[in-house]
$ cat input.cif   # mmCIF, N, CA and C atoms
data_protein
#
loop_
_atom_site.label_atom_id
_atom_site.label_comp_id
_atom_site.auth_asym_id
_atom_site.auth_seq_id
_atom_site.Cartn_x
_atom_site.Cartn_y
_atom_site.Cartn_z
N GLU A 162 0.81 -1.20 0.00
CA GLU A 162 0.00 0.00 0.00
C GLU A 162 0.86 1.26 0.00
N ARG A 163 1.87 1.32 0.87
CA ARG A 163 2.74 2.50 0.91
C ARG A 163 4.00 2.19 1.72
N THR A 164 5.04 2.99 1.46
CA THR A 164 6.31 2.87 2.17
C THR A 164 6.72 4.26 2.61
N ASP A 165 7.17 4.37 3.87
CA ASP A 165 7.67 5.64 4.38
C ASP A 165 8.84 5.36 5.32
N ALA A 166 9.30 6.37 6.03
CA ALA A 166 10.46 6.23 6.91
C ALA A 166 10.24 5.22 8.03
N GLU A 167 8.98 4.97 8.39
CA GLU A 167 8.67 4.06 9.49
C GLU A 167 8.50 2.61 9.06
N GLY A 168 8.48 2.36 7.75
CA GLY A 168 8.32 0.99 7.26
C GLY A 168 7.36 0.91 6.10
N THR A 169 6.84 -0.28 5.88
CA THR A 169 5.94 -0.54 4.77
C THR A 169 4.60 -1.00 5.30
N GLU A 170 3.53 -0.51 4.68
CA GLU A 170 2.19 -0.92 5.05
C GLU A 170 1.69 -1.89 3.99
N VAL A 171 1.29 -3.10 4.44
CA VAL A 171 0.83 -4.16 3.56
C VAL A 171 -0.66 -4.38 3.80
N ARG A 172 -1.43 -4.50 2.71
CA ARG A 172 -2.86 -4.75 2.83
C ARG A 172 -3.12 -6.25 2.83
N LEU A 173 -3.91 -6.69 3.80
CA LEU A 173 -4.32 -8.08 3.95
C LEU A 173 -5.84 -8.07 4.00
N GLY A 174 -6.50 -8.21 2.84
CA GLY A 174 -7.94 -8.04 2.80
C GLY A 174 -8.25 -6.59 3.11
N SER A 175 -9.11 -6.34 4.08
CA SER A 175 -9.42 -4.96 4.48
C SER A 175 -8.49 -4.48 5.60
N ARG A 176 -7.64 -5.36 6.10
CA ARG A 176 -6.74 -5.01 7.20
C ARG A 176 -5.40 -4.52 6.66
N ARG A 177 -4.70 -3.75 7.48
CA ARG A 177 -3.38 -3.26 7.10
C ARG A 177 -2.39 -3.66 8.18
N ILE A 178 -1.21 -4.12 7.74
CA ILE A 178 -0.15 -4.54 8.64
C ILE A 178 1.07 -3.67 8.37
N ARG A 179 1.68 -3.14 9.41
CA ARG A 179 2.89 -2.34 9.30
C ARG A 179 4.09 -3.26 9.49
N VAL A 180 5.07 -3.19 8.56
CA VAL A 180 6.28 -4.02 8.60
C VAL A 180 7.48 -3.10 8.71
N SER A 181 8.37 -3.34 9.67
CA SER A 181 9.58 -2.53 9.83
C SER A 181 10.73 -3.11 9.00
N GLY A 182 11.62 -2.25 8.57
CA GLY A 182 12.86 -2.70 7.93
C GLY A 182 12.69 -3.33 6.57
N PHE A 183 11.64 -2.99 5.85
CA PHE A 183 11.43 -3.56 4.52
C PHE A 183 10.78 -2.51 3.64
N GLU A 184 11.27 -2.38 2.43
CA GLU A 184 10.67 -1.44 1.48
C GLU A 184 10.23 -2.20 0.25
N ALA A 185 9.08 -1.83 -0.26
CA ALA A 185 8.56 -2.41 -1.49
C ALA A 185 7.82 -1.31 -2.24
N ALA A 186 7.68 -1.49 -3.54
CA ALA A 186 6.95 -0.54 -4.35
C ALA A 186 5.45 -0.77 -4.16
N VAL A 187 4.68 0.28 -4.24
CA VAL A 187 3.23 0.17 -4.14
C VAL A 187 2.75 -0.79 -5.23
N GLY A 188 1.92 -1.75 -4.83
CA GLY A 188 1.39 -2.74 -5.76
C GLY A 188 2.17 -4.04 -5.81
N ASP A 189 3.38 -4.08 -5.22
CA ASP A 189 4.15 -5.33 -5.19
C ASP A 189 3.41 -6.39 -4.38
N GLN A 190 3.45 -7.64 -4.83
CA GLN A 190 2.90 -8.76 -4.09
C GLN A 190 3.97 -9.27 -3.13
N VAL A 191 3.63 -9.44 -1.86
CA VAL A 191 4.56 -9.96 -0.87
C VAL A 191 3.87 -11.02 -0.03
N ARG A 192 4.66 -11.82 0.63
CA ARG A 192 4.14 -12.84 1.56
C ARG A 192 4.70 -12.50 2.93
N LEU A 193 3.81 -12.40 3.94
CA LEU A 193 4.22 -12.12 5.31
C LEU A 193 4.38 -13.43 6.06
N ILE A 194 5.48 -13.57 6.75
CA ILE A 194 5.77 -14.78 7.51
C ILE A 194 6.08 -14.34 8.94
N MET A 195 5.42 -15.00 9.91
CA MET A 195 5.63 -14.63 11.31
C MET A 195 5.84 -15.87 12.15
N ARG A 196 6.80 -15.80 13.03
CA ARG A 196 6.98 -16.86 14.02
C ARG A 196 5.98 -16.58 15.16
N PRO A 197 5.69 -17.59 15.96
CA PRO A 197 4.71 -17.40 17.04
C PRO A 197 5.06 -16.24 17.98
N GLU A 198 6.34 -15.98 18.17
CA GLU A 198 6.76 -14.90 19.07
C GLU A 198 6.35 -13.52 18.56
N ALA A 199 6.01 -13.41 17.29
CA ALA A 199 5.62 -12.12 16.72
C ALA A 199 4.21 -11.72 17.12
N LEU A 200 3.42 -12.69 17.57
CA LEU A 200 2.03 -12.43 17.96
C LEU A 200 1.87 -12.51 19.46
N SER A 201 1.05 -11.63 19.98
CA SER A 201 0.72 -11.70 21.40
C SER A 201 -0.76 -11.38 21.57
N VAL A 202 -1.31 -11.89 22.63
CA VAL A 202 -2.72 -11.67 22.92
C VAL A 202 -2.83 -11.31 24.41
N ARG A 203 -3.67 -10.31 24.68
CA ARG A 203 -3.86 -9.88 26.07
C ARG A 203 -5.29 -9.40 26.22
N PRO A 204 -5.79 -9.43 27.45
CA PRO A 204 -7.16 -8.94 27.66
C PRO A 204 -7.28 -7.49 27.21
N ARG A 205 -8.39 -7.16 26.59
CA ARG A 205 -8.62 -5.80 26.12
C ARG A 205 -9.13 -4.98 27.29
N SER A 206 -8.49 -3.86 27.53
CA SER A 206 -8.92 -2.98 28.62
C SER A 206 -8.99 -1.56 28.08
N GLY A 207 -10.14 -1.21 27.52
CA GLY A 207 -10.31 0.12 26.96
C GLY A 207 -9.56 0.26 25.65
N ALA A 208 -9.44 1.47 25.20
CA ALA A 208 -8.76 1.74 23.94
C ALA A 208 -7.26 1.79 24.16
N GLY A 209 -6.57 0.87 23.54
CA GLY A 209 -5.12 0.86 23.62
C GLY A 209 -4.52 1.66 22.48
N PRO A 210 -3.20 1.77 22.44
CA PRO A 210 -2.57 2.51 21.35
C PRO A 210 -2.79 1.81 20.02
N ASP A 211 -3.10 2.56 18.98
CA ASP A 211 -3.31 1.99 17.66
C ASP A 211 -1.99 1.99 16.90
N THR A 212 -1.34 0.84 16.87
CA THR A 212 -0.06 0.72 16.17
C THR A 212 -0.25 0.30 14.73
N GLY A 213 -1.50 0.02 14.33
CA GLY A 213 -1.74 -0.47 12.99
C GLY A 213 -1.61 -1.97 12.92
N ASN A 214 -1.05 -2.59 13.93
CA ASN A 214 -0.87 -4.03 13.96
C ASN A 214 -1.62 -4.65 15.13
N THR A 215 -2.72 -4.06 15.50
CA THR A 215 -3.53 -4.61 16.59
C THR A 215 -4.94 -4.86 16.08
N PHE A 216 -5.52 -5.94 16.57
CA PHE A 216 -6.85 -6.33 16.17
C PHE A 216 -7.64 -6.71 17.42
N ASP A 217 -8.82 -6.19 17.54
CA ASP A 217 -9.70 -6.58 18.64
C ASP A 217 -10.35 -7.90 18.30
N GLY A 218 -10.54 -8.75 19.28
CA GLY A 218 -11.18 -10.03 19.05
C GLY A 218 -11.70 -10.63 20.34
N THR A 219 -12.18 -11.86 20.22
CA THR A 219 -12.73 -12.59 21.34
C THR A 219 -12.17 -14.00 21.31
N VAL A 220 -11.73 -14.50 22.47
CA VAL A 220 -11.23 -15.87 22.56
C VAL A 220 -12.41 -16.81 22.30
N SER A 221 -12.27 -17.68 21.28
CA SER A 221 -13.36 -18.61 20.96
C SER A 221 -13.01 -20.05 21.32
N LYS A 222 -11.72 -20.32 21.59
CA LYS A 222 -11.31 -21.67 21.96
C LYS A 222 -9.97 -21.60 22.67
N VAL A 223 -9.77 -22.47 23.66
CA VAL A 223 -8.51 -22.57 24.38
C VAL A 223 -8.08 -24.03 24.33
N THR A 224 -6.84 -24.27 23.87
CA THR A 224 -6.31 -25.63 23.76
C THR A 224 -5.00 -25.71 24.54
N TYR A 225 -4.90 -26.66 25.44
CA TYR A 225 -3.68 -26.86 26.23
C TYR A 225 -2.79 -27.87 25.52
N LEU A 226 -1.53 -27.51 25.30
CA LEU A 226 -0.55 -28.38 24.63
C LEU A 226 0.72 -28.44 25.48
N GLY A 227 0.69 -29.18 26.57
CA GLY A 227 1.86 -29.27 27.44
C GLY A 227 2.26 -27.92 27.98
N PRO A 228 3.49 -27.46 27.68
CA PRO A 228 3.94 -26.18 28.21
C PRO A 228 3.37 -24.97 27.47
N ASN A 229 2.58 -25.22 26.43
CA ASN A 229 2.01 -24.14 25.63
C ASN A 229 0.49 -24.16 25.71
N ILE A 230 -0.07 -23.04 25.35
CA ILE A 230 -1.52 -22.91 25.26
C ILE A 230 -1.82 -22.22 23.94
N VAL A 231 -2.83 -22.69 23.24
CA VAL A 231 -3.21 -22.11 21.96
C VAL A 231 -4.57 -21.44 22.11
N TYR A 232 -4.60 -20.15 21.80
CA TYR A 232 -5.85 -19.40 21.82
C TYR A 232 -6.34 -19.26 20.39
N THR A 233 -7.59 -19.60 20.15
CA THR A 233 -8.21 -19.29 18.87
C THR A 233 -8.99 -18.02 19.10
N VAL A 234 -8.62 -16.97 18.36
CA VAL A 234 -9.20 -15.65 18.55
C VAL A 234 -10.03 -15.28 17.33
N ASP A 235 -11.28 -14.93 17.55
CA ASP A 235 -12.17 -14.48 16.50
C ASP A 235 -11.93 -12.98 16.34
N VAL A 236 -11.34 -12.57 15.21
CA VAL A 236 -11.06 -11.15 14.98
C VAL A 236 -12.10 -10.51 14.06
N GLY A 237 -13.22 -11.19 13.87
CA GLY A 237 -14.32 -10.61 13.11
C GLY A 237 -14.26 -10.89 11.63
N ALA A 238 -15.14 -10.26 10.91
CA ALA A 238 -15.25 -10.46 9.47
C ALA A 238 -14.15 -9.70 8.75
N ASP A 239 -13.78 -10.21 7.60
CA ASP A 239 -12.83 -9.53 6.73
C ASP A 239 -13.28 -9.76 5.31
N ASP A 240 -12.90 -8.88 4.42
CA ASP A 240 -13.41 -8.96 3.04
C ASP A 240 -12.36 -9.46 2.06
N GLY A 241 -11.75 -10.60 2.37
CA GLY A 241 -10.88 -11.16 1.35
C GLY A 241 -9.51 -11.59 1.83
N ALA A 242 -9.15 -11.40 3.08
CA ALA A 242 -7.86 -11.89 3.54
C ALA A 242 -7.91 -13.41 3.59
N THR A 243 -6.82 -14.04 3.19
CA THR A 243 -6.79 -15.49 3.25
C THR A 243 -6.10 -15.99 4.49
N SER A 244 -5.32 -15.15 5.15
CA SER A 244 -4.66 -15.56 6.38
C SER A 244 -4.10 -14.34 7.09
N THR A 245 -4.22 -14.31 8.42
CA THR A 245 -3.54 -13.28 9.20
C THR A 245 -2.48 -13.92 10.06
N GLY A 246 -2.31 -15.19 9.95
CA GLY A 246 -1.37 -15.90 10.80
C GLY A 246 -0.10 -16.22 10.08
N ALA A 247 0.77 -16.91 10.77
CA ALA A 247 2.07 -17.25 10.23
C ALA A 247 2.03 -18.64 9.63
N GLU A 248 2.47 -18.75 8.42
CA GLU A 248 2.47 -20.02 7.74
C GLU A 248 3.57 -20.90 8.32
N GLY A 249 3.22 -22.12 8.68
CA GLY A 249 4.22 -23.07 9.17
C GLY A 249 4.68 -22.82 10.59
N SER A 250 3.93 -22.06 11.37
CA SER A 250 4.34 -21.82 12.75
C SER A 250 3.15 -22.04 13.66
N GLY A 251 3.20 -21.45 14.84
CA GLY A 251 2.14 -21.65 15.81
C GLY A 251 0.96 -20.72 15.64
N ALA A 252 0.89 -19.96 14.57
CA ALA A 252 -0.24 -19.07 14.36
C ALA A 252 -0.77 -19.27 12.96
N THR A 253 -2.07 -19.41 12.84
CA THR A 253 -2.66 -19.59 11.52
C THR A 253 -3.90 -18.76 11.38
N GLY A 254 -4.22 -18.38 10.17
CA GLY A 254 -5.45 -17.67 9.90
C GLY A 254 -6.47 -18.64 9.33
N LEU A 255 -7.67 -18.60 9.84
CA LEU A 255 -8.71 -19.51 9.42
C LEU A 255 -9.96 -18.71 9.09
N LEU A 256 -10.54 -18.97 7.94
CA LEU A 256 -11.81 -18.32 7.61
C LEU A 256 -12.93 -19.30 7.86
N THR A 257 -13.91 -18.90 8.64
CA THR A 257 -15.07 -19.73 8.94
C THR A 257 -16.30 -18.92 8.60
N GLY A 258 -16.89 -19.18 7.46
CA GLY A 258 -18.01 -18.36 7.02
C GLY A 258 -17.53 -16.94 6.83
N THR A 259 -18.13 -16.01 7.54
CA THR A 259 -17.71 -14.62 7.44
C THR A 259 -16.83 -14.22 8.62
N ARG A 260 -16.46 -15.16 9.46
CA ARG A 260 -15.63 -14.87 10.63
C ARG A 260 -14.18 -15.22 10.32
N GLN A 261 -13.25 -14.48 10.87
CA GLN A 261 -11.85 -14.79 10.69
C GLN A 261 -11.26 -15.15 12.05
N LEU A 262 -10.65 -16.34 12.11
CA LEU A 262 -10.07 -16.83 13.35
C LEU A 262 -8.56 -16.87 13.21
N VAL A 263 -7.86 -16.54 14.30
CA VAL A 263 -6.40 -16.59 14.33
C VAL A 263 -6.00 -17.43 15.53
N GLU A 264 -5.12 -18.41 15.31
CA GLU A 264 -4.62 -19.22 16.42
C GLU A 264 -3.27 -18.65 16.86
N VAL A 265 -3.15 -18.41 18.16
CA VAL A 265 -1.93 -17.84 18.73
C VAL A 265 -1.41 -18.78 19.80
N THR A 266 -0.14 -19.18 19.69
CA THR A 266 0.49 -20.04 20.68
C THR A 266 1.17 -19.18 21.73
N ASP A 267 0.92 -19.48 22.99
CA ASP A 267 1.52 -18.74 24.10
C ASP A 267 2.10 -19.75 25.09
N THR A 268 2.95 -19.29 25.96
CA THR A 268 3.52 -20.15 27.00
C THR A 268 2.54 -20.24 28.17
N PHE A 269 2.31 -21.45 28.65
CA PHE A 269 1.44 -21.63 29.81
C PHE A 269 2.15 -21.09 31.04
N ARG A 270 1.54 -20.11 31.71
CA ARG A 270 2.14 -19.47 32.89
C ARG A 270 1.29 -19.67 34.13
N GLY A 271 0.53 -20.73 34.18
CA GLY A 271 -0.31 -20.99 35.34
C GLY A 271 -1.77 -20.74 35.04
N ALA A 272 -2.62 -21.46 35.76
CA ALA A 272 -4.06 -21.40 35.51
C ALA A 272 -4.64 -20.00 35.68
N ASP A 273 -4.09 -19.21 36.60
CA ASP A 273 -4.64 -17.88 36.83
C ASP A 273 -4.33 -16.91 35.68
N ALA A 274 -3.40 -17.26 34.79
CA ALA A 274 -3.04 -16.39 33.66
C ALA A 274 -3.76 -16.79 32.37
N VAL A 275 -4.52 -17.88 32.39
CA VAL A 275 -5.18 -18.37 31.19
C VAL A 275 -6.39 -17.50 30.87
N LEU A 276 -6.49 -17.10 29.61
CA LEU A 276 -7.66 -16.36 29.14
C LEU A 276 -8.78 -17.36 28.87
N SER A 277 -9.98 -17.05 29.27
CA SER A 277 -11.08 -17.99 29.07
C SER A 277 -11.86 -17.65 27.79
N VAL A 278 -12.62 -18.64 27.33
CA VAL A 278 -13.47 -18.45 26.16
C VAL A 278 -14.43 -17.29 26.46
N GLY A 279 -14.59 -16.41 25.49
CA GLY A 279 -15.46 -15.25 25.65
C GLY A 279 -14.73 -13.99 26.08
N THR A 280 -13.46 -14.11 26.48
CA THR A 280 -12.69 -12.94 26.90
C THR A 280 -12.41 -12.04 25.70
N GLU A 281 -12.70 -10.75 25.83
CA GLU A 281 -12.37 -9.79 24.78
C GLU A 281 -10.89 -9.48 24.88
N VAL A 282 -10.18 -9.59 23.75
CA VAL A 282 -8.73 -9.46 23.75
C VAL A 282 -8.26 -8.53 22.64
N GLN A 283 -6.99 -8.19 22.74
CA GLN A 283 -6.32 -7.45 21.68
C GLN A 283 -5.18 -8.33 21.18
N LEU A 284 -5.20 -8.63 19.89
CA LEU A 284 -4.17 -9.40 19.23
C LEU A 284 -3.18 -8.41 18.63
N SER A 285 -1.89 -8.56 18.94
CA SER A 285 -0.88 -7.63 18.44
C SER A 285 0.18 -8.38 17.66
N ILE A 286 0.67 -7.74 16.59
CA ILE A 286 1.74 -8.30 15.78
C ILE A 286 2.92 -7.33 15.85
N ASP A 287 4.08 -7.83 16.28
CA ASP A 287 5.29 -7.01 16.39
C ASP A 287 5.83 -6.75 14.99
N PRO A 288 5.84 -5.48 14.53
CA PRO A 288 6.29 -5.18 13.16
C PRO A 288 7.76 -5.50 12.91
N ASP A 289 8.56 -5.58 13.98
CA ASP A 289 9.98 -5.90 13.82
C ASP A 289 10.23 -7.38 13.67
N ARG A 290 9.21 -8.22 13.91
CA ARG A 290 9.38 -9.66 13.84
C ARG A 290 8.68 -10.30 12.64
N ILE A 291 8.23 -9.46 11.71
CA ILE A 291 7.59 -9.97 10.49
C ILE A 291 8.67 -10.13 9.42
N ILE A 292 8.68 -11.28 8.80
CA ILE A 292 9.59 -11.55 7.69
C ILE A 292 8.79 -11.38 6.41
N VAL A 293 9.37 -10.70 5.43
CA VAL A 293 8.67 -10.47 4.18
C VAL A 293 9.38 -11.21 3.06
N ALA A 294 8.63 -12.02 2.32
CA ALA A 294 9.15 -12.70 1.14
C ALA A 294 8.58 -11.96 -0.06
N GLU A 295 9.44 -11.51 -0.94
CA GLU A 295 8.99 -10.76 -2.10
C GLU A 295 8.38 -11.68 -3.14
N GLY A 296 7.47 -11.14 -3.92
CA GLY A 296 6.90 -11.87 -5.05
C GLY A 296 5.85 -12.86 -4.62
N ASP A 297 5.19 -13.43 -5.60
CA ASP A 297 4.17 -14.45 -5.36
C ASP A 297 4.86 -15.79 -5.32
N SER A 298 5.03 -16.35 -4.12
CA SER A 298 5.77 -17.59 -3.98
C SER A 298 4.83 -18.79 -3.87
N SER A 299 3.64 -18.69 -4.45
CA SER A 299 2.69 -19.81 -4.37
C SER A 299 3.02 -20.90 -5.35
#
$ encode --input "input.cif" --output "C-alpha cells"
Amino acid sequence: ERTDAEGTEVRLGSRRIRVSGFEAAVGDQVRLIMRPEALSVRPRSGAGPDTGNTFDGTVSKVTYLGPNIVYTVDVGADDGATSTGAEGSGATGLLTGTRQLVEVTDTFRGADAVLSVGTEVQLSIDPDRIIVAEGDSS
C-alpha cells in the first residue's frame, strides 16, 4: 500500500499490517511470515494505542498443549484476507463463514493467567518480527 520512513504498510484483505525494515513498491505482491513470538494476545482494557498491527477479538477456543496454550481468537469479518497468521508456525489464519479466526500459541504461565473463552482481547503483531518474502511464492 505505501512505504515511508517508518516501514511498509501491507494490505491483507481490508486489514493493514505495518512491517519494519522492509521497502517495497506500491502494488508489489509480498508474503508475510511470522513466528509465534511475533504475535501476542492480552485482555482488552479500553482503547489501547493503535499501532496499525492490533486487532480486537474474542477468545473462541482454548487448547492446552503441554507447556504451551493455543488461543483461537475471532477477529471478526474480513473482506478477502486469506490468512492473518504465520504459515508453518504456531499461528494460523482460518476463515469460517464470514468470521476470521487466528490461532496464537503462548507459554502456559499458570491457571490464573489463562484467558477464558469469551474474553475480549487485543491481538498484536510485532512489526519488527515480520519476515517479508517478495513476489508471489505460491
$ resolve_selection --input "input.cif" --expression "the PyMOL selection byres ((chain A and resi 286) around 5)" --output "MDAnalysis selection string"
chainID A and resid 199:200 214 284:285 287:288
$ atom_distance --input "input.cif" --atom1 "atom N of Ala166 in chain A" --atom2 "atom C of Arg196 in chain A"
24.9 Å
$ residues_near_point --input "input.cif" --point "(-11.6, -11.0, 18.4)" --cutoff "6 Å" --atoms "all atoms listed in the file" --output "list in words"
Phe216, Asp217, Gly218, Thr219, Val220, Val234, Asp235, Val236, Gly237 and Val282 of chain A
$ resolve_selection --input "input.cif" --expression "the PyMOL selection byres ((chain A and resi 177-194) around 6.5)" --output "VMD selection string"
chain A and resid 162 to 164 167 to 176 195 to 196 213 to 214 247 to 248 288 to 297
$ residues_around --input "input.cif" --residues "Thr233 in chain A" --least-positions-apart "5" --cutoff "7 Å" --atoms "only N, CA and C atoms" --output "list of chain:residue names"
A:Thr219, A:Val220, A:Ser221, A:Lys222, A:Val223, A:Thr224, A:Leu262, A:Val263, A:Glu264, A:Val265
$ atom_distance --input "input.cif" --atom1 "CA of Thr215 in chain A" --atom2 "CA of Gly279 in chain A"
18.4 Å
$ resolve_selection --input "input.cif" --expression "the PyMOL selection byres ((chain A and resi 269-273) around 5)" --output "PDB file with N, CA and C atoms, in the frame of the given file"
ATOM      1  N   PRO A 228       3.490 -27.460  27.680  1.00  0.00           N
ATOM      2  CA  PRO A 228       3.940 -26.180  28.210  1.00  0.00           C
ATOM      3  C   PRO A 228       3.370 -24.970  27.470  1.00  0.00           C
ATOM      4  N   ASN A 229       2.580 -25.220  26.430  1.00  0.00           N
ATOM      5  CA  ASN A 229       2.010 -24.140  25.630  1.00  0.00           C
ATOM      6  C   ASN A 229       0.490 -24.160  25.710  1.00  0.00           C
ATOM      7  N   ILE A 230      -0.070 -23.040  25.350  1.00  0.00           N
ATOM      8  CA  ILE A 230      -1.520 -22.910  25.260  1.00  0.00           C
ATOM      9  C   ILE A 230      -1.820 -22.220  23.940  1.00  0.00           C
ATOM     10  N   ASP A 267       0.920 -19.480  22.990  1.00  0.00           N
ATOM     11  CA  ASP A 267       1.520 -18.740  24.100  1.00  0.00           C
ATOM     12  C   ASP A 267       2.100 -19.750  25.090  1.00  0.00           C
ATOM     13  N   THR A 268       2.950 -19.290  25.960  1.00  0.00           N
ATOM     14  CA  THR A 268       3.520 -20.150  27.000  1.00  0.00           C
ATOM     15  C   THR A 268       2.540 -20.240  28.170  1.00  0.00           C
ATOM     16  N   ALA A 274      -3.400 -17.260  34.790  1.00  0.00           N
ATOM     17  CA  ALA A 274      -3.040 -16.390  33.660  1.00  0.00           C
ATOM     18  C   ALA A 274      -3.760 -16.790  32.370  1.00  0.00           C
ATOM     19  N   VAL A 275      -4.520 -17.880  32.390  1.00  0.00           N
ATOM     20  CA  VAL A 275      -5.180 -18.370  31.190  1.00  0.00           C
ATOM     21  C   VAL A 275      -6.390 -17.500  30.870  1.00  0.00           C
TER      22      VAL A 275
END
$ atom_distance --input "input.cif" --atom1 "CA of Pro197 in chain A" --atom2 "CA of Arg260 in chain A"
21.5 Å
$ build_atoms --input "input.cif" --residues "range 188-195 of chain A" --atoms "all heavy atoms" --output "JSON list (two decimals), keeping the file's coordinate frame"
[["chain", "number", "residue", "atom", "x", "y", "z"],
["A", 188, "GLY", "N", 1.92, -1.75, -4.83],
["A", 188, "GLY", "CA", 1.39, -2.74, -5.76],
["A", 188, "GLY", "C", 2.17, -4.04, -5.81],
["A", 188, "GLY", "O", 1.69, -5.02, -6.38],
["A", 189, "ASP", "N", 3.38, -4.08, -5.22],
["A", 189, "ASP", "CA", 4.15, -5.33, -5.19],
["A", 189, "ASP", "C", 3.41, -6.39, -4.38],
["A", 189, "ASP", "O", 2.81, -6.08, -3.35],
["A", 189, "ASP", "CB", 5.53, -5.12, -4.54],
["A", 189, "ASP", "CG", 6.55, -4.50, -5.48],
["A", 189, "ASP", "OD1", 6.21, -4.28, -6.66],
["A", 189, "ASP", "OD2", 7.66, -4.21, -5.01],
["A", 190, "GLN", "N", 3.45, -7.64, -4.83],
["A", 190, "GLN", "CA", 2.90, -8.76, -4.09],
["A", 190, "GLN", "C", 3.97, -9.27, -3.13],
["A", 190, "GLN", "O", 5.11, -9.48, -3.54],
["A", 190, "GLN", "CB", 2.50, -9.89, -5.04],
["A", 190, "GLN", "CG", 1.36, -9.54, -5.97],
["A", 190, "GLN", "CD", 0.04, -9.49, -5.23],
["A", 190, "GLN", "OE1", -0.26, -10.33, -4.40],
["A", 190, "GLN", "NE2", -0.76, -8.48, -5.53],
["A", 191, "VAL", "N", 3.63, -9.44, -1.86],
["A", 191, "VAL", "CA", 4.56, -9.96, -0.87],
["A", 191, "VAL", "C", 3.87, -11.02, -0.03],
["A", 191, "VAL", "O", 2.64, -11.09, 0.01],
["A", 191, "VAL", "CB", 5.13, -8.85, 0.05],
["A", 191, "VAL", "CG1", 5.95, -7.85, -0.75],
["A", 191, "VAL", "CG2", 4.03, -8.16, 0.83],
["A", 192, "ARG", "N", 4.66, -11.82, 0.63],
["A", 192, "ARG", "CA", 4.14, -12.84, 1.56],
["A", 192, "ARG", "C", 4.70, -12.50, 2.93],
["A", 192, "ARG", "O", 5.90, -12.33, 3.09],
["A", 192, "ARG", "CB", 4.61, -14.21, 1.13],
["A", 192, "ARG", "CG", 4.08, -15.33, 2.01],
["A", 192, "ARG", "CD", 4.50, -16.66, 1.47],
["A", 192, "ARG", "NE", 3.85, -16.87, 0.19],
["A", 192, "ARG", "CZ", 2.95, -17.81, -0.06],
["A", 192, "ARG", "NH1", 2.61, -18.64, 0.90],
["A", 192, "ARG", "NH2", 2.40, -17.93, -1.23],
["A", 193, "LEU", "N", 3.81, -12.40, 3.94],
["A", 193, "LEU", "CA", 4.22, -12.12, 5.31],
["A", 193, "LEU", "C", 4.38, -13.43, 6.06],
["A", 193, "LEU", "O", 3.49, -14.28, 6.02],
["A", 193, "LEU", "CB", 3.19, -11.24, 6.02],
["A", 193, "LEU", "CG", 2.88, -9.90, 5.38],
["A", 193, "LEU", "CD1", 1.85, -9.15, 6.21],
["A", 193, "LEU", "CD2", 4.13, -9.07, 5.20],
["A", 194, "ILE", "N", 5.48, -13.57, 6.75],
["A", 194, "ILE", "CA", 5.77, -14.78, 7.51],
["A", 194, "ILE", "C", 6.08, -14.34, 8.94],
["A", 194, "ILE", "O", 6.89, -13.44, 9.15],
["A", 194, "ILE", "CB", 6.98, -15.53, 6.91],
["A", 194, "ILE", "CG1", 6.71, -15.84, 5.43],
["A", 194, "ILE", "CG2", 7.27, -16.80, 7.70],
["A", 194, "ILE", "CD1", 7.95, -16.23, 4.66],
["A", 195, "MET", "N", 5.42, -15.00, 9.91],
["A", 195, "MET", "CA", 5.63, -14.63, 11.31],
["A", 195, "MET", "C", 5.84, -15.87, 12.15],
["A", 195, "MET", "O", 5.12, -16.85, 12.00],
["A", 195, "MET", "CB", 4.41, -13.88, 11.84],
["A", 195, "MET", "CG", 4.22, -12.53, 11.22],
["A", 195, "MET", "SD", 2.60, -11.88, 11.57],
["A", 195, "MET", "CE", 1.75, -12.32, 10.06]]
